[in-house]
$ cat query_0.pdb   # PDB, C-alpha atoms
ATOM      1  CA  MET A  12      94.931  53.134 -81.115
ATOM      2  CA  ASN A  13      94.501  56.817 -81.414
ATOM      3  CA  VAL A  14      97.723  58.799 -81.474
ATOM      4  CA  ILE A  15      96.032  61.600 -79.571
ATOM      5  CA  THR A  16      95.211  59.114 -76.786
ATOM      6  CA  VAL A  17      98.833  57.983 -76.597
ATOM      7  CA  ILE A  18     100.080  61.572 -76.549
ATOM      8  CA  GLY A  19      97.544  62.464 -73.869
ATOM      9  CA  MET A  20      98.580  59.507 -71.727
ATOM     10  CA  GLY A  21     102.203  60.463 -72.145
ATOM     11  CA  ILE A  22     101.655  64.076 -71.166
ATOM     12  CA  VAL A  23      99.477  63.193 -68.165
ATOM     13  CA  GLY A  24     102.023  60.590 -67.051
ATOM     14  CA  MET A  25     104.865  63.068 -67.479
ATOM     15  CA  VAL A  26     103.090  65.774 -65.452
ATOM     16  CA  LEU A  27     102.184  63.278 -62.746
ATOM     17  CA  ALA A  28     105.743  61.954 -62.616
ATOM     18  CA  VAL A  29     107.188  65.468 -62.376
ATOM     19  CA  LEU A  30     104.802  66.372 -59.568
ATOM     20  CA  LEU A  31     105.473  63.151 -57.676
ATOM     21  CA  LYS A  32     109.228  63.477 -58.138
ATOM     22  CA  GLN A  33     109.235  66.453 -55.765
ATOM     23  CA  TYR A  34     107.655  64.509 -52.914
ATOM     24  CA  LYS A  35     108.080  60.783 -53.595
ATOM     25  CA  PRO A  36     110.701  60.080 -56.288
ATOM     26  CA  GLU A  37     110.105  56.336 -56.089
ATOM     27  CA  TYR A  38     106.475  56.825 -57.123
ATOM     28  CA  ALA A  39     107.532  58.998 -60.052
ATOM     29  CA  ILE A  40     109.628  56.145 -61.407
ATOM     30  CA  GLY A  41     106.674  53.781 -61.060
ATOM     31  CA  VAL A  42     104.354  56.177 -62.867
ATOM     32  CA  GLY A  43     106.848  56.603 -65.695
ATOM     33  CA  LEU A  44     107.309  52.871 -66.014
ATOM     34  CA  ALA A  45     103.567  52.178 -65.880
ATOM     35  CA  VAL A  46     102.815  54.752 -68.581
ATOM     36  CA  GLY A  47     105.674  53.462 -70.720
ATOM     37  CA  VAL A  48     104.523  49.846 -70.494
ATOM     38  CA  THR A  49     100.889  50.823 -71.159
ATOM     39  CA  VAL A  50     101.801  52.806 -74.269
ATOM     40  CA  PHE A  51     104.094  49.993 -75.422
ATOM     41  CA  LEU A  52     101.304  47.436 -75.063
ATOM     42  CA  MET A  53      98.840  49.695 -76.884
ATOM     43  CA  VAL A  54     101.269  50.064 -79.768
ATOM     44  CA  LEU A  55     102.038  46.343 -79.778
ATOM     45  CA  VAL A  56      98.348  45.426 -80.032
ATOM     46  CA  GLU A  57      97.941  47.799 -82.955
ATOM     47  CA  ALA A  58     101.101  46.472 -84.625
ATOM     48  CA  LEU A  59      99.953  42.830 -84.716
ATOM     49  CA  PRO A  60      98.435  43.193 -88.214
ATOM     50  CA  ILE A  61     101.780  44.550 -89.403
ATOM     51  CA  PHE A  62     103.517  41.434 -88.108
ATOM     52  CA  ASP A  63     100.962  39.236 -89.892
ATOM     53  CA  GLN A  64     101.566  41.173 -93.107
ATOM     54  CA  ILE A  65     105.332  40.741 -92.804
ATOM     55  CA  ARG A  66     104.901  37.033 -92.086
ATOM     56  CA  SER A  67     102.752  36.607 -95.202
ATOM     57  CA  LEU A  68     105.262  38.540 -97.313
ATOM     58  CA  PHE A  69     108.051  36.244 -96.160
ATOM     59  CA  SER A  70     105.946  33.163 -96.829
ATOM     60  CA  ASN A  71     105.285  34.375-100.388
ATOM     61  CA  ILE A  72     109.001  34.498-101.154
ATOM     62  CA  ASN A  73     109.655  31.051 -99.628
ATOM     63  CA  VAL A  74     111.761  32.167 -96.684
ATOM     64  CA  GLU A  75     111.928  29.615 -93.901
ATOM     65  CA  PHE A  76     109.852  30.365 -90.809
ATOM     66  CA  GLU A  77     112.977  30.097 -88.663
ATOM     67  CA  TYR A  78     114.342  33.261 -90.248
ATOM     68  CA  THR A  79     111.164  35.269 -89.791
ATOM     69  CA  SER A  80     110.959  34.168 -86.164
ATOM     70  CA  ILE A  81     114.520  35.426 -85.673
ATOM     71  CA  LEU A  82     113.462  38.765 -87.118
ATOM     72  CA  PHE A  83     110.476  39.053 -84.779
ATOM     73  CA  LYS A  84     112.503  37.954 -81.748
ATOM     74  CA  ALA A  85     115.171  40.540 -82.523
ATOM     75  CA  LEU A  86     112.520  43.217 -82.919
ATOM     76  CA  GLY A  87     110.969  42.244 -79.580
ATOM     77  CA  ILE A  88     114.339  42.307 -77.853
ATOM     78  CA  CYS A  89     114.989  45.785 -79.258
ATOM     79  CA  PHE A  90     111.637  47.134 -78.053
ATOM     80  CA  VAL A  91     111.880  45.657 -74.554
ATOM     81  CA  THR A  92     115.512  46.702 -74.195
ATOM     82  CA  GLN A  93     114.690  50.269 -75.205
ATOM     83  CA  LEU A  94     111.788  50.395 -72.755
ATOM     84  CA  ALA A  95     113.960  49.142 -69.880
ATOM     85  CA  SER A  96     116.823  51.444 -70.811
ATOM     86  CA  ASP A  97     114.543  54.475 -70.964
ATOM     87  CA  ALA A  98     113.113  53.595 -67.563
ATOM     88  CA  CYS A  99     116.621  53.461 -66.112
ATOM     89  CA  ILE A 100     117.512  56.788 -67.709
ATOM     90  CA  ASP A 101     114.352  58.326 -66.245
ATOM     91  CA  ALA A 102     115.450  57.061 -62.834
ATOM     92  CA  GLY A 103     118.844  58.698 -63.329
ATOM     93  CA  GLN A 104     120.707  55.412 -63.742
ATOM     94  CA  THR A 105     122.452  55.954 -67.079
ATOM     95  CA  ALA A 106     125.187  53.421 -66.309
ATOM     96  CA  ILE A 107     122.640  50.666 -65.809
ATOM     97  CA  ALA A 108     120.789  51.813 -68.926
ATOM     98  CA  SER A 109     123.913  51.465 -71.044
ATOM     99  CA  LYS A 110     124.528  47.960 -69.679
ATOM    100  CA  ILE A 111     120.944  46.983 -70.552
ATOM    101  CA  GLU A 112     121.496  48.286 -74.084
ATOM    102  CA  ILE A 113     124.682  46.241 -74.384
ATOM    103  CA  ALA A 114     122.833  43.153 -73.159
ATOM    104  CA  GLY A 115     120.123  43.761 -75.767
ATOM    105  CA  ARG A 116     122.700  44.072 -78.543
ATOM    106  CA  VAL A 117     124.407  40.859 -77.479
ATOM    107  CA  ALA A 118     121.047  39.052 -77.301
ATOM    108  CA  VAL A 119     120.167  40.171 -80.845
ATOM    109  CA  LEU A 120     123.581  39.054 -82.051
ATOM    110  CA  LEU A 121     123.196  35.648 -80.385
ATOM    111  CA  ILE A 122     119.787  34.918 -81.854
ATOM    112  CA  SER A 123     120.891  36.064 -85.309
ATOM    113  CA  LEU A 124     123.883  33.696 -85.491
ATOM    114  CA  PRO A 125     121.961  31.187 -87.660
ATOM    115  CA  LEU A 126     121.426  33.953 -90.214
ATOM    116  CA  PHE A 127     125.141  34.716 -90.242
ATOM    117  CA  ASN A 128     125.862  31.030 -90.858
ATOM    118  CA  VAL A 129     123.498  30.998 -93.829
ATOM    119  CA  LEU A 130     125.001  34.193 -95.248
ATOM    120  CA  LEU A 131     128.522  32.830 -94.877
ATOM    121  CA  SER A 132     127.612  29.573 -96.598
ATOM    122  CA  ILE A 133     125.973  31.495 -99.493
ATOM    123  CA  ALA A 134     129.053  33.710 -99.793
ATOM    124  CA  SER A 135     131.293  30.651 -99.721
ATOM    125  CA  GLN A 136     129.283  28.996-102.486
ATOM    126  CA  LEU A 137     129.461  32.152-104.599
ATOM    127  CA  ILE A 138     133.226  32.433-104.123
ATOM    128  CA  ASN A 139     133.816  28.749-104.963
ATOM    129  CA  ALA A 140     131.502  28.807-108.003
TER     130      ALA A 140
END

$ encode --input "query_0.pdb" --output "C-alpha coordinates"
Amino acid sequence: MNVITVIGMGIVGMVLAVLLKQYKPEYAIGVGLAVGVTVFLMVLVEALPIFDQIRSLFSNINVEFEYTSILFKALGICFVTQLASDACIDAGQTAIASKIEIAGRVAVLLISLPLFNVLLSIASQLINA
(Lines of atoms letter the chains of each structure in order from A and count residues from 1; the text may use other names and numbers.)
(Lines give C-alpha, C1' and ligand atoms only; values in the text may rest on other atoms or scores of the structure.)
Protein backbone atom coordinates (compact mmCIF):
# COMPACT_ATOMS: atom_id res chain seq x y z
CA MET A 1 0.00 0.00 0.00
CA ASN A 2 1.33 3.33 -1.00
CA VAL A 3 0.14 6.22 1.12
CA ILE A 4 0.12 8.46 -1.93
CA THR A 5 -2.30 6.02 -3.61
CA VAL A 6 -4.63 6.11 -0.61
CA ILE A 7 -4.49 9.91 -0.46
CA GLY A 8 -5.14 10.12 -4.20
CA MET A 9 -8.12 7.79 -3.94
CA GLY A 10 -9.47 9.81 -1.06
CA ILE A 11 -9.14 13.12 -2.87
CA VAL A 12 -10.65 11.78 -6.11
CA GLY A 13 -13.51 10.20 -4.15
CA MET A 14 -14.08 13.42 -2.22
CA VAL A 15 -14.17 15.55 -5.40
CA LEU A 16 -16.49 13.07 -7.09
CA ALA A 17 -18.78 12.96 -4.06
CA VAL A 18 -18.92 16.75 -3.86
CA LEU A 19 -19.75 17.03 -7.55
CA LEU A 20 -22.39 14.32 -7.38
CA LYS A 21 -23.92 15.79 -4.23
CA GLN A 22 -25.17 18.76 -6.25
CA TYR A 23 -27.12 16.60 -8.69
CA LYS A 24 -27.65 13.16 -7.12
CA PRO A 25 -27.00 13.16 -3.36
CA GLU A 26 -27.71 9.44 -3.09
CA TYR A 27 -24.84 8.69 -5.47
CA ALA A 28 -22.50 10.89 -3.45
CA ILE A 29 -23.16 8.77 -0.38
CA GLY A 30 -22.44 5.62 -2.37
CA VAL A 31 -19.18 7.03 -3.71
CA GLY A 32 -18.08 8.05 -0.22
CA LEU A 33 -18.93 4.64 1.17
CA ALA A 34 -17.23 2.81 -1.70
CA VAL A 35 -14.03 4.83 -1.33
CA GLY A 36 -14.08 4.39 2.44
CA VAL A 37 -14.50 0.61 2.22
CA THR A 38 -11.82 0.34 -0.48
CA VAL A 39 -9.29 2.31 1.57
CA PHE A 40 -10.21 0.30 4.67
CA LEU A 41 -9.63 -2.98 2.85
CA MET A 42 -6.32 -1.74 1.44
CA VAL A 43 -5.15 -0.80 4.92
CA LEU A 44 -6.42 -4.08 6.37
CA VAL A 45 -4.48 -6.14 3.82
CA GLU A 46 -1.32 -4.21 4.63
CA ALA A 47 -1.93 -4.57 8.38
CA LEU A 48 -2.09 -8.38 8.35
CA PRO A 49 1.65 -8.74 9.07
CA ILE A 50 1.17 -6.47 12.08
CA PHE A 51 -1.52 -8.79 13.42
CA ASP A 52 0.77 -11.79 12.92
CA GLN A 53 3.53 -9.97 14.80
CA ILE A 54 1.20 -9.16 17.69
CA ARG A 55 -0.02 -12.76 17.78
CA SER A 56 3.56 -14.05 17.97
CA LEU A 57 4.41 -11.55 20.72
CA PHE A 58 1.46 -12.77 22.77
CA SER A 59 2.40 -16.39 22.19
CA ASN A 60 5.94 -15.68 23.44
CA ILE A 61 4.64 -14.43 26.78
CA ASN A 62 2.25 -17.39 27.20
CA VAL A 63 -1.01 -15.48 26.92
CA GLU A 64 -3.97 -17.66 26.04
CA PHE A 65 -5.23 -17.42 22.46
CA GLU A 66 -8.69 -16.54 23.75
CA TYR A 67 -7.38 -13.21 25.02
CA THR A 68 -5.61 -12.29 21.80
CA SER A 69 -8.72 -13.17 19.81
CA ILE A 70 -10.71 -10.82 22.05
CA LEU A 71 -8.20 -8.09 21.29
CA PHE A 72 -8.47 -8.62 17.53
CA LYS A 73 -12.27 -8.82 17.64
CA ALA A 74 -12.44 -5.57 19.61
CA LEU A 75 -10.10 -3.91 17.14
CA GLY A 76 -12.24 -5.11 14.22
CA ILE A 77 -15.41 -3.87 15.88
CA CYS A 78 -13.80 -0.46 16.41
CA PHE A 79 -12.70 -0.17 12.77
CA VAL A 80 -16.03 -1.27 11.29
CA THR A 81 -18.00 0.89 13.71
CA GLN A 82 -15.91 3.94 12.84
CA LEU A 83 -16.36 3.30 9.12
CA ALA A 84 -20.14 2.98 9.47
CA SER A 85 -20.36 6.01 11.74
CA ASP A 86 -18.33 8.15 9.34
CA ALA A 87 -20.56 7.08 6.47
CA CYS A 88 -23.62 8.16 8.43
CA ILE A 89 -22.02 11.48 9.29
CA ASP A 90 -21.19 12.03 5.62
CA ALA A 91 -24.85 11.40 4.82
CA GLY A 92 -25.86 13.99 7.40
CA GLN A 93 -27.26 11.45 9.85
CA THR A 94 -25.33 12.30 13.02
CA ALA A 95 -27.99 10.83 15.30
CA ILE A 96 -27.69 7.44 13.63
CA ALA A 97 -23.90 7.74 13.70
CA SER A 98 -23.90 8.27 17.45
CA LYS A 99 -26.15 5.24 17.95
CA ILE A 100 -23.78 3.12 15.84
CA GLU A 101 -20.88 4.30 18.01
CA ILE A 102 -22.79 3.36 21.15
CA ALA A 103 -23.53 -0.07 19.69
CA GLY A 104 -19.83 -0.52 18.91
CA ARG A 105 -18.85 0.41 22.46
CA VAL A 106 -21.36 -2.02 23.93
CA ALA A 107 -20.15 -4.78 21.58
CA VAL A 108 -16.53 -4.23 22.67
CA LEU A 109 -17.61 -4.28 26.30
CA LEU A 110 -19.56 -7.52 25.81
CA ILE A 111 -16.73 -9.38 24.13
CA SER A 112 -14.22 -8.17 26.72
CA LEU A 113 -16.20 -9.47 29.72
CA PRO A 114 -13.99 -12.59 30.01
CA LEU A 115 -10.98 -10.31 30.43
CA PHE A 116 -12.74 -8.41 33.20
CA ASN A 117 -13.47 -11.70 34.95
CA VAL A 118 -9.80 -12.67 34.80
CA LEU A 119 -8.70 -9.26 36.07
CA LEU A 120 -11.17 -9.41 38.94
CA SER A 121 -10.04 -12.89 39.95
CA ILE A 122 -6.36 -11.78 39.88
CA ALA A 123 -7.23 -8.72 41.98
CA SER A 124 -9.18 -10.90 44.39
CA GLN A 125 -6.24 -13.28 44.77
CA LEU A 126 -3.88 -10.37 45.40
CA ILE A 127 -6.19 -8.88 48.03
CA ASN A 128 -6.66 -12.23 49.81
CA ALA A 129 -2.95 -13.10 49.72

$ closest_residue --input "query_0.pdb" --among "A:Ala85, A:Leu120, A:Leu44, A:Ala114" --to "Ala98 (chain A)" --atoms "all atoms listed in the file"
A:Leu44

$ closest_residue --input "query_0.pdb" --among "A:Gly43, A:Glu57, A:Ser123, A:Leu94" --to "Ala28 (chain A)" --atoms "only C-alpha atoms"
A:Gly43

$ residues_around --input "query_0.pdb" --residues "region 69-84 of chain A" --least-positions-apart "2" --cutoff "12 Å" --atoms "all atoms listed in the file" --output "number ranges by chain"
A: 58-59, 61-67, 86-92, 115, 118-130

$ atom_distance --input "query_0.pdb" --atom1 "CA of Leu30 (chain A)" --atom2 "CA of Val54 (chain A)"
26.2 Å

$ atom_distance --input "query_0.pdb" --atom1 "CA of Glu37 (chain A)" --atom2 "CA of Asp97 (chain A)"
15.6 Å

$ atom_distance --input "query_0.pdb" --atom1 "CA of Gln93 (chain A)" --atom2 "CA of Gly47 (chain A)"
10.6 Å

$ closest_residue --input "query_0.pdb" --among "A:Ile15, A:Glu112, A:Asp101, A:Ala134" --to "Val29 (chain A)" --atoms "only C-alpha atoms"
A:Asp101

$ closest_residue --input "query_0.pdb" --among "A:Ile113, A:Leu31, A:Met25, A:Ile40" --to "Ile100 (chain A)" --atoms "all atoms listed in the file"
A:Ile40

$ closest_residue --input "query_0.pdb" --among "A:Ile107, A:Ala39, A:Val56, A:Val46" --to "Ile18 (chain A)" --atoms "only C-alpha atoms"
A:Val46

$ build_atoms --input "query_0.pdb" --residues "region 79-111 of chain A" --atoms "N, CA and C atoms" --output "PDB file, in the frame of the given file"
ATOM      1  N   THR A  79     112.116  34.223 -90.171  1.00  0.00           N
ATOM      2  CA  THR A  79     111.164  35.269 -89.791  1.00  0.00           C
ATOM      3  C   THR A  79     110.990  35.311 -88.275  1.00  0.00           C
ATOM      4  N   SER A  80     111.068  34.157 -87.627  1.00  0.00           N
ATOM      5  CA  SER A  80     110.959  34.168 -86.164  1.00  0.00           C
ATOM      6  C   SER A  80     112.169  34.858 -85.550  1.00  0.00           C
ATOM      7  N   ILE A  81     113.333  34.711 -86.153  1.00  0.00           N
ATOM      8  CA  ILE A  81     114.520  35.426 -85.673  1.00  0.00           C
ATOM      9  C   ILE A  81     114.311  36.930 -85.806  1.00  0.00           C
ATOM     10  N   LEU A  82     113.736  37.345 -86.913  1.00  0.00           N
ATOM     11  CA  LEU A  82     113.462  38.765 -87.118  1.00  0.00           C
ATOM     12  C   LEU A  82     112.520  39.305 -86.050  1.00  0.00           C
ATOM     13  N   PHE A  83     111.449  38.589 -85.772  1.00  0.00           N
ATOM     14  CA  PHE A  83     110.476  39.053 -84.779  1.00  0.00           C
ATOM     15  C   PHE A  83     111.057  39.024 -83.364  1.00  0.00           C
ATOM     16  N   LYS A  84     111.863  38.005 -83.068  1.00  0.00           N
ATOM     17  CA  LYS A  84     112.503  37.954 -81.748  1.00  0.00           C
ATOM     18  C   LYS A  84     113.458  39.127 -81.568  1.00  0.00           C
ATOM     19  N   ALA A  85     114.235  39.422 -82.603  1.00  0.00           N
ATOM     20  CA  ALA A  85     115.171  40.540 -82.523  1.00  0.00           C
ATOM     21  C   ALA A  85     114.426  41.861 -82.348  1.00  0.00           C
ATOM     22  N   LEU A  86     113.328  42.007 -83.057  1.00  0.00           N
ATOM     23  CA  LEU A  86     112.520  43.217 -82.919  1.00  0.00           C
ATOM     24  C   LEU A  86     111.960  43.343 -81.508  1.00  0.00           C
ATOM     25  N   GLY A  87     111.484  42.241 -80.946  1.00  0.00           N
ATOM     26  CA  GLY A  87     110.969  42.244 -79.580  1.00  0.00           C
ATOM     27  C   GLY A  87     112.052  42.580 -78.567  1.00  0.00           C
ATOM     28  N   ILE A  88     113.232  42.003 -78.752  1.00  0.00           N
ATOM     29  CA  ILE A  88     114.339  42.307 -77.853  1.00  0.00           C
ATOM     30  C   ILE A  88     114.682  43.792 -77.918  1.00  0.00           C
ATOM     31  N   CYS A  89     114.683  44.351 -79.112  1.00  0.00           N
ATOM     32  CA  CYS A  89     114.989  45.785 -79.258  1.00  0.00           C
ATOM     33  C   CYS A  89     113.963  46.647 -78.535  1.00  0.00           C
ATOM     34  N   PHE A  90     112.683  46.340 -78.699  1.00  0.00           N
ATOM     35  CA  PHE A  90     111.637  47.134 -78.053  1.00  0.00           C
ATOM     36  C   PHE A  90     111.721  47.045 -76.528  1.00  0.00           C
ATOM     37  N   VAL A  91     111.847  45.841 -76.004  1.00  0.00           N
ATOM     38  CA  VAL A  91     111.880  45.657 -74.554  1.00  0.00           C
ATOM     39  C   VAL A  91     113.150  46.266 -73.963  1.00  0.00           C
ATOM     40  N   THR A  92     114.258  46.121 -74.656  1.00  0.00           N
ATOM     41  CA  THR A  92     115.512  46.702 -74.195  1.00  0.00           C
ATOM     42  C   THR A  92     115.418  48.224 -74.150  1.00  0.00           C
ATOM     43  N   GLN A  93     114.836  48.818 -75.181  1.00  0.00           N
ATOM     44  CA  GLN A  93     114.690  50.269 -75.205  1.00  0.00           C
ATOM     45  C   GLN A  93     113.784  50.750 -74.080  1.00  0.00           C
ATOM     46  N   LEU A  94     112.708  50.030 -73.834  1.00  0.00           N
ATOM     47  CA  LEU A  94     111.788  50.395 -72.755  1.00  0.00           C
ATOM     48  C   LEU A  94     112.501  50.340 -71.397  1.00  0.00           C
ATOM     49  N   ALA A  95     113.244  49.280 -71.152  1.00  0.00           N
ATOM     50  CA  ALA A  95     113.960  49.142 -69.880  1.00  0.00           C
ATOM     51  C   ALA A  95     115.058  50.190 -69.755  1.00  0.00           C
ATOM     52  N   SER A  96     115.765  50.448 -70.834  1.00  0.00           N
ATOM     53  CA  SER A  96     116.823  51.444 -70.811  1.00  0.00           C
ATOM     54  C   SER A  96     116.269  52.837 -70.545  1.00  0.00           C
ATOM     55  N   ASP A  97     115.172  53.169 -71.194  1.00  0.00           N
ATOM     56  CA  ASP A  97     114.543  54.475 -70.964  1.00  0.00           C
ATOM     57  C   ASP A  97     114.063  54.621 -69.523  1.00  0.00           C
ATOM     58  N   ALA A  98     113.550  53.547 -68.963  1.00  0.00           N
ATOM     59  CA  ALA A  98     113.113  53.595 -67.563  1.00  0.00           C
ATOM     60  C   ALA A  98     114.303  53.849 -66.644  1.00  0.00           C
ATOM     61  N   CYS A  99     115.427  53.224 -66.928  1.00  0.00           N
ATOM     62  CA  CYS A  99     116.621  53.461 -66.112  1.00  0.00           C
ATOM     63  C   CYS A  99     117.130  54.893 -66.271  1.00  0.00           C
ATOM     64  N   ILE A 100     117.088  55.408 -67.485  1.00  0.00           N
ATOM     65  CA  ILE A 100     117.512  56.788 -67.709  1.00  0.00           C
ATOM     66  C   ILE A 100     116.599  57.749 -66.959  1.00  0.00           C
ATOM     67  N   ASP A 101     115.295  57.485 -66.988  1.00  0.00           N
ATOM     68  CA  ASP A 101     114.352  58.326 -66.245  1.00  0.00           C
ATOM     69  C   ASP A 101     114.639  58.307 -64.753  1.00  0.00           C
ATOM     70  N   ALA A 102     115.127  57.182 -64.253  1.00  0.00           N
ATOM     71  CA  ALA A 102     115.450  57.061 -62.834  1.00  0.00           C
ATOM     72  C   ALA A 102     116.826  57.631 -62.515  1.00  0.00           C
ATOM     73  N   GLY A 103     117.528  58.116 -63.544  1.00  0.00           N
ATOM     74  CA  GLY A 103     118.844  58.698 -63.329  1.00  0.00           C
ATOM     75  C   GLY A 103     119.970  57.688 -63.305  1.00  0.00           C
ATOM     76  N   GLN A 104     119.712  56.486 -63.758  1.00  0.00           N
ATOM     77  CA  GLN A 104     120.707  55.412 -63.742  1.00  0.00           C
ATOM     78  C   GLN A 104     121.216  55.151 -65.160  1.00  0.00           C
ATOM     79  N   THR A 105     121.981  56.089 -65.700  1.00  0.00           N
ATOM     80  CA  THR A 105     122.452  55.954 -67.079  1.00  0.00           C
ATOM     81  C   THR A 105     123.452  54.813 -67.239  1.00  0.00           C
ATOM     82  N   ALA A 106     124.226  54.520 -66.214  1.00  0.00           N
ATOM     83  CA  ALA A 106     125.187  53.421 -66.309  1.00  0.00           C
ATOM     84  C   ALA A 106     124.468  52.085 -66.461  1.00  0.00           C
ATOM     85  N   ILE A 107     123.420  51.897 -65.689  1.00  0.00           N
ATOM     86  CA  ILE A 107     122.640  50.666 -65.809  1.00  0.00           C
ATOM     87  C   ILE A 107     121.950  50.621 -67.168  1.00  0.00           C
ATOM     88  N   ALA A 108     121.453  51.754 -67.622  1.00  0.00           N
ATOM     89  CA  ALA A 108     120.789  51.813 -68.926  1.00  0.00           C
ATOM     90  C   ALA A 108     121.733  51.388 -70.049  1.00  0.00           C
ATOM     91  N   SER A 109     122.971  51.845 -69.989  1.00  0.00           N
ATOM     92  CA  SER A 109     123.913  51.465 -71.044  1.00  0.00           C
ATOM     93  C   SER A 109     124.230  49.977 -70.990  1.00  0.00           C
ATOM     94  N   LYS A 110     124.274  49.407 -69.800  1.00  0.00           N
ATOM     95  CA  LYS A 110     124.528  47.960 -69.679  1.00  0.00           C
ATOM     96  C   LYS A 110     123.347  47.157 -70.211  1.00  0.00           C
ATOM     97  N   ILE A 111     122.129  47.650 -69.997  1.00  0.00           N
ATOM     98  CA  ILE A 111     120.944  46.983 -70.552  1.00  0.00           C
ATOM     99  C   ILE A 111     120.982  47.036 -72.069  1.00  0.00           C
TER     100      ILE A 111
END
